[in-house]
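Here is work_21.cif, consisting of mmCIF, C-alpha atoms:
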data_input
#
loop_
_atom_site.group_PDB
_atom_site.id
_atom_site.type_symbol
_atom_site.label_atom_id
_atom_site.label_comp_id
_atom_site.auth_asym_id
_atom_site.auth_seq_id
_atom_site.Cartn_x
_atom_site.Cartn_y
_atom_site.Cartn_z
ATOM 1 C CA MET A 1 11.842 -0.496 16.079
ATOM 2 C CA ALA A 2 9.479 -2.873 17.774
ATOM 3 C CA SER A 3 10.908 -5.939 19.414
ATOM 4 C CA GLY A 4 9.586 -9.457 18.986
ATOM 5 C CA ALA A 5 8.181 -8.763 15.537
ATOM 6 C CA SER A 6 9.497 -12.037 14.146
ATOM 7 C CA ASP A 7 6.023 -13.115 13.076
ATOM 8 C CA LEU A 8 4.645 -9.800 11.826
ATOM 9 C CA VAL A 9 3.535 -9.468 8.201
ATOM 10 C CA LEU A 10 2.849 -6.171 6.444
ATOM 11 C CA ILE A 11 0.366 -6.429 3.563
ATOM 12 C CA ALA A 12 0.075 -3.499 1.168
ATOM 13 C CA TYR A 13 -3.577 -3.144 0.219
ATOM 14 C CA ASP A 14 -5.162 -0.792 -2.324
ATOM 15 C CA GLY A 15 -8.494 -2.517 -2.886
ATOM 16 C CA SER A 16 -7.560 -3.974 -6.280
ATOM 17 C CA ASP A 17 -8.213 -7.597 -7.227
ATOM 18 C CA ASN A 18 -4.451 -8.187 -7.171
ATOM 19 C CA ALA A 19 -4.208 -6.849 -3.603
ATOM 20 C CA LYS A 20 -7.088 -9.133 -2.567
ATOM 21 C CA ARG A 21 -5.217 -12.057 -4.118
ATOM 22 C CA ALA A 22 -2.090 -11.085 -2.142
ATOM 23 C CA ILE A 23 -4.066 -11.213 1.116
ATOM 24 C CA ARG A 24 -5.443 -14.656 0.254
ATOM 25 C CA HIS A 25 -1.930 -15.943 -0.496
ATOM 26 C CA ALA A 26 -0.526 -14.462 2.706
ATOM 27 C CA GLY A 27 -3.236 -16.170 4.728
ATOM 28 C CA HIS A 28 -2.679 -19.476 2.958
ATOM 29 C CA PHE A 29 1.112 -19.667 2.806
ATOM 30 C CA LEU A 30 2.391 -17.679 5.774
ATOM 31 C CA SER A 31 2.142 -18.891 9.342
ATOM 32 C CA ALA A 32 2.435 -15.451 10.939
ATOM 33 C CA SER A 33 0.336 -14.769 13.976
ATOM 34 C CA ARG A 34 -0.114 -11.053 13.222
ATOM 35 C CA ALA A 35 -0.464 -8.851 10.185
ATOM 36 C CA ILE A 36 -0.673 -5.143 9.473
ATOM 37 C CA ILE A 37 -2.754 -4.060 6.498
ATOM 38 C CA VAL A 38 -1.472 -0.729 5.156
ATOM 39 C CA THR A 39 -3.199 1.489 2.645
ATOM 40 C CA ALA A 40 -1.205 4.408 1.275
ATOM 41 C CA TRP A 41 -3.007 7.671 0.608
ATOM 42 C CA GLU A 42 -2.065 11.110 -0.660
ATOM 43 C CA PRO A 43 -3.840 14.279 0.571
ATOM 44 C CA LEU A 44 -6.064 15.899 -2.053
ATOM 45 C CA SER A 45 -4.119 19.162 -1.852
ATOM 46 C CA ARG A 46 -0.900 17.352 -2.787
ATOM 47 C CA GLN A 47 -2.672 15.425 -5.573
ATOM 48 C CA ALA A 48 -3.993 18.690 -7.022
ATOM 49 C CA ALA A 49 -0.562 20.312 -6.893
ATOM 50 C CA ARG A 50 1.085 17.304 -8.553
ATOM 51 C CA ILE A 51 -1.527 17.094 -11.304
ATOM 52 C CA SER A 52 -1.399 20.814 -12.047
ATOM 53 C CA GLY A 53 2.385 20.601 -12.253
ATOM 54 C CA LEU A 54 2.165 17.727 -14.719
ATOM 55 C CA SER A 55 -0.321 19.566 -16.901
ATOM 56 C CA GLY A 56 1.913 22.622 -17.183
ATOM 57 C CA VAL A 57 -1.090 24.796 -16.390
ATOM 58 C CA MET A 58 -0.775 27.061 -13.395
ATOM 59 C CA GLN A 59 -3.621 26.373 -11.006
ATOM 60 C CA PRO A 60 -4.816 28.913 -8.476
ATOM 61 C CA GLY A 61 -3.835 28.026 -4.940
ATOM 62 C CA TRP A 62 -6.291 25.622 -3.370
ATOM 63 C CA VAL A 63 -6.533 25.491 0.373
ATOM 64 C CA PRO A 64 -8.542 22.541 1.658
ATOM 65 C CA ASP A 65 -11.003 22.919 4.502
ATOM 66 C CA THR A 66 -8.881 22.007 7.498
ATOM 67 C CA GLU A 67 -11.986 21.264 9.575
ATOM 68 C CA ALA A 68 -13.229 18.530 7.248
ATOM 69 C CA GLU A 69 -11.479 15.211 6.842
ATOM 70 C CA ASP A 70 -9.545 14.833 3.604
ATOM 71 C CA ALA A 71 -11.686 12.822 1.178
ATOM 72 C CA ALA A 72 -8.640 10.816 0.103
ATOM 73 C CA LEU A 73 -8.067 9.725 3.710
ATOM 74 C CA ALA A 74 -11.745 8.832 4.119
ATOM 75 C CA ASP A 75 -11.536 6.674 0.963
ATOM 76 C CA ALA A 76 -8.296 5.075 2.178
ATOM 77 C CA ARG A 77 -9.942 4.168 5.490
ATOM 78 C CA VAL A 78 -12.794 2.394 3.679
ATOM 79 C CA VAL A 79 -10.331 0.465 1.513
ATOM 80 C CA ASN A 80 -8.176 -0.393 4.530
ATOM 81 C CA GLU A 81 -11.164 -1.668 6.524
ATOM 82 C CA GLU A 82 -12.012 -3.960 3.605
ATOM 83 C CA GLY A 83 -8.445 -5.303 3.633
ATOM 84 C CA VAL A 84 -8.594 -5.956 7.380
ATOM 85 C CA ARG A 85 -11.885 -7.812 6.931
ATOM 86 C CA LEU A 86 -10.473 -9.940 4.084
ATOM 87 C CA ALA A 87 -7.346 -10.748 6.086
ATOM 88 C CA GLY A 88 -9.508 -11.835 9.009
ATOM 89 C CA GLU A 89 -11.461 -14.132 6.689
ATOM 90 C CA VAL A 90 -8.251 -15.963 5.733
ATOM 91 C CA GLY A 91 -7.234 -16.392 9.361
ATOM 92 C CA LEU A 92 -4.871 -13.481 9.924
ATOM 93 C CA ARG A 93 -5.156 -11.552 13.176
ATOM 94 C CA CYS A 94 -4.525 -8.050 11.951
ATOM 95 C CA GLU A 95 -4.827 -4.340 12.387
ATOM 96 C CA GLY A 96 -5.166 -1.663 9.745
ATOM 97 C CA HIS A 97 -3.201 1.519 9.150
ATOM 98 C CA CYS A 98 -3.542 4.257 6.564
ATOM 99 C CA ILE A 99 -0.146 5.687 5.720
ATOM 100 C CA GLU A 100 0.280 9.088 4.125
ATOM 101 C CA THR A 101 2.550 9.228 1.099
ATOM 102 C CA VAL A 102 5.013 12.078 1.229
ATOM 103 C CA THR A 103 6.917 11.182 -1.941
ATOM 104 C CA THR A 104 5.799 7.892 -3.509
ATOM 105 C CA VAL A 105 3.524 5.002 -2.600
ATOM 106 C CA TRP A 106 6.384 2.500 -2.666
ATOM 107 C CA ALA A 107 8.485 4.655 -0.316
ATOM 108 C CA ALA A 108 5.602 4.931 2.153
ATOM 109 C CA ILE A 109 5.189 1.138 2.123
ATOM 110 C CA VAL A 110 8.918 0.508 2.599
ATOM 111 C CA ASP A 111 9.043 3.087 5.417
ATOM 112 C CA ALA A 112 6.070 1.387 7.107
ATOM 113 C CA ALA A 113 7.827 -1.993 6.907
ATOM 114 C CA GLU A 114 10.817 -0.465 8.702
ATOM 115 C CA GLU A 115 8.691 1.406 11.251
ATOM 116 C CA TYR A 116 6.696 -1.694 12.198
ATOM 117 C CA ASP A 117 9.810 -3.928 12.019
ATOM 118 C CA VAL A 118 7.990 -6.562 9.976
ATOM 119 C CA SER A 119 9.374 -9.967 9.067
ATOM 120 C CA ILE A 120 7.987 -9.943 5.523
ATOM 121 C CA LEU A 121 6.159 -7.522 3.265
ATOM 122 C CA VAL A 122 3.406 -8.841 0.973
ATOM 123 C CA THR A 123 2.095 -7.010 -2.072
ATOM 124 C CA GLY A 124 0.282 -7.728 -5.294
ATOM 125 C CA THR A 125 1.420 -6.513 -8.682
ATOM 126 C CA ARG A 126 -0.486 -5.258 -11.652
ATOM 127 C CA GLY A 127 1.354 -7.680 -13.920
ATOM 128 C CA ALA A 128 2.394 -5.272 -16.666
ATOM 129 C CA THR A 129 4.618 -6.790 -19.337
ATOM 130 C CA GLY A 130 6.534 -5.701 -22.406
ATOM 131 C CA ILE A 131 6.964 -2.028 -23.195
ATOM 132 C CA ARG A 132 4.380 -0.975 -20.609
ATOM 133 C CA ALA A 133 6.462 -2.584 -17.852
ATOM 134 C CA LEU A 134 9.605 -0.861 -19.132
ATOM 135 C CA LEU A 135 7.949 2.564 -19.192
ATOM 136 C CA HIS A 136 6.078 2.329 -15.890
ATOM 137 C CA SER A 137 7.815 0.569 -13.049
ATOM 138 C CA SER A 138 5.284 -0.807 -10.603
ATOM 139 C CA VAL A 139 5.007 -0.135 -6.900
ATOM 140 C CA ALA A 140 5.860 -3.811 -6.307
ATOM 141 C CA ASP A 141 9.050 -3.489 -8.389
ATOM 142 C CA GLN A 142 10.189 -0.474 -6.383
ATOM 143 C CA VAL A 143 9.307 -2.116 -3.058
ATOM 144 C CA LEU A 144 11.401 -5.128 -4.050
ATOM 145 C CA LYS A 145 14.348 -2.923 -5.054
ATOM 146 C CA HIS A 146 14.301 -0.719 -1.958
ATOM 147 C CA CYS A 147 13.017 -2.831 0.921
ATOM 148 C CA HIS A 148 15.651 -4.440 3.123
ATOM 149 C CA ARG A 149 13.264 -7.154 4.299
ATOM 150 C CA PRO A 150 11.871 -10.239 2.588
ATOM 151 C CA VAL A 151 9.174 -9.350 0.054
ATOM 152 C CA LEU A 152 6.462 -11.666 -1.268
ATOM 153 C CA ILE A 153 5.053 -10.385 -4.555
ATOM 154 C CA VAL A 154 1.862 -12.146 -5.621
ATOM 155 C CA PRO A 155 1.269 -11.937 -9.384
ATOM 156 C CA PRO A 156 -2.199 -11.433 -10.838
ATOM 157 C CA SER A 157 -4.244 -14.501 -11.634
ATOM 158 C CA GLU A 158 -4.147 -15.791 -15.173
ATOM 159 C CA GLY A 159 -7.916 -15.602 -15.528
#
Would you kindly transcribe this structure into structure tokens?
Amino acid sequence: MASGASDLVLIAYDGSDNAKRAIRHAGHFLSASRAIIVTAWEPLSRQAARISGLSGVMQPGWVPDTEAEDAALADARVVNEEGVRLAGEVGLRCEGHCIETVTTVWAAIVDAAEEYDVSILVTGTRGATGIRALLHSSVADQVLKHCHRPVLIVPPSEG
């Protein structure tokens, strides 16, 4: 673990309006001198395997072109760069990282918080309520349950 990370914030960023709101709140309410913007991504080959498994239909083996960059990583880099730019606009000195999900998005975020030895983790939430919230636990819920660091969850705006 890194030393002297007492003022390091990790902000989970997926490009959504709620993630943008989380960055704005972090910049406004936290006095950290540094931030890491992380965007989780899953390789297309793993996405295809997961989706075919869910459908119950056997898909022929797909081998991605190892010479070309994974399109999911390219998309994640664009999203992450946007998050870094937004964080800079609210006064955070930050760097961006794309983190590959091996199991779940929330686990990748929690692992990144441990790896970077952050003081606080900031994330937005989709704001599901009622039966939808019971059936589909959010990434933010799982981060809160599994992260052993302070977590700031910024709810969606009311508008």
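The closest residue to Phe29 in chain A, picked from A:Lys145, A:Val90, A:Leu10, A:Glu69 and counting only C-alpha atoms, is A:Val90.
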**Report entry** Residue nearest Gly96 in chain A among A:Arg46, A:His148, A:Arg126, A:Arg34 (counting all atoms listed in the file)
**Finding:** A:Arg34
Query - Answer key for the PyMOL selection byres ((chain A and resi 15) around 10), residues as a list in words - result: Ala12, Tyr13, Asp14, Ser16, Asp17, Asn18, Ala19, Lys20, Thr39, Ala76, Val78, Val79, Asn80, Glu81, Glu82 and Gly83 of chain A
Output C-alpha atoms for every residue in that selection, as a compact mmCIF listing (two decimals), in the frame of the given file.
# COMPACT_ATOMS: atom_id res chain seq x y z
CA ALA A 12 0.08 -3.50 1.17
CA TYR A 13 -3.58 -3.14 0.22
CA ASP A 14 -5.16 -0.79 -2.32
CA SER A 16 -7.56 -3.97 -6.28
CA ASP A 17 -8.21 -7.60 -7.23
CA ASN A 18 -4.45 -8.19 -7.17
CA ALA A 19 -4.21 -6.85 -3.60
CA LYS A 20 -7.09 -9.13 -2.57
CA THR A 39 -3.20 1.49 2.64
CA ALA A 76 -8.30 5.08 2.18
CA VAL A 78 -12.79 2.39 3.68
CA VAL A 79 -10.33 0.46 1.51
CA ASN A 80 -8.18 -0.39 4.53
CA GLU A 81 -11.16 -1.67 6.52
CA GLU A 82 -12.01 -3.96 3.60
CA GLY A 83 -8.44 -5.30 3.63
**Report entry** Val110 in chain A environment, 9 Å, only C-alpha atoms, sequence neighbours closer than 6 positions dropped, as a count of residues only
**Finding:** 6
Requested in this report: For Ala113 in chain A, please output as JSON, numbers by chain all residues within 12 Å (counting all atoms listed in the file; exclusion window: fewer than 6 positions along the same chain).
Outcome: {"A": [1, 2, 5, 8, 9, 10, 11, 12, 35, 36, 37, 38, 97, 99, 106, 107, 119, 120, 121, 122, 123, 143, 144, 146, 147, 148, 149, 150, 151]}
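Across the model, the gap from CA of Ile23 in chain A to CA of Val118 in chain A is 15.7 Å.
We find CA of Glu114 in chain A and CA of Gln47 in chain A to be spaced 25.3 Å apart.
Going from CA of Ala22 in chain A to CA of Arg93 in chain A covers 15.6 Å.
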Report task. Just say which residues the PyMOL selection byres ((chain A and resi 139) around 8) picks in this file, as a list of chain:residue names. Result -> A:Val105, A:Trp106, A:Thr125, A:Ser137, A:Ser138, A:Ala140, A:Asp141, A:Gln142, A:Val143
Requested in this report: Quick one: everything within 10 Å of Pro43 in chain A, counting only C-alpha atoms, minus sequence neighbours fewer than 6 positions away in the same chain. Send it as a list in words.
Outcome: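 The residues satisfying every condition are Pro64, Glu69, Asp70, Ala71, Ala72, Leu73, Glu100, Thr101 and Val102 of chain A.
Nearest residue to Glu42 in chain A, choosing from A:Leu92, A:Ala74, A:Val154, A:Gly27 and counting only C-alpha atoms: A:Ala74.
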Query raised in the report: Which residue, A:Ala87, A:Asp117, A:Leu152, A:Ala108, has the smallest gap to Arg24 in chain A when you use all atoms listed in the file?
Result: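 Closest residue, counting all atoms listed in the file: A:Ala87.
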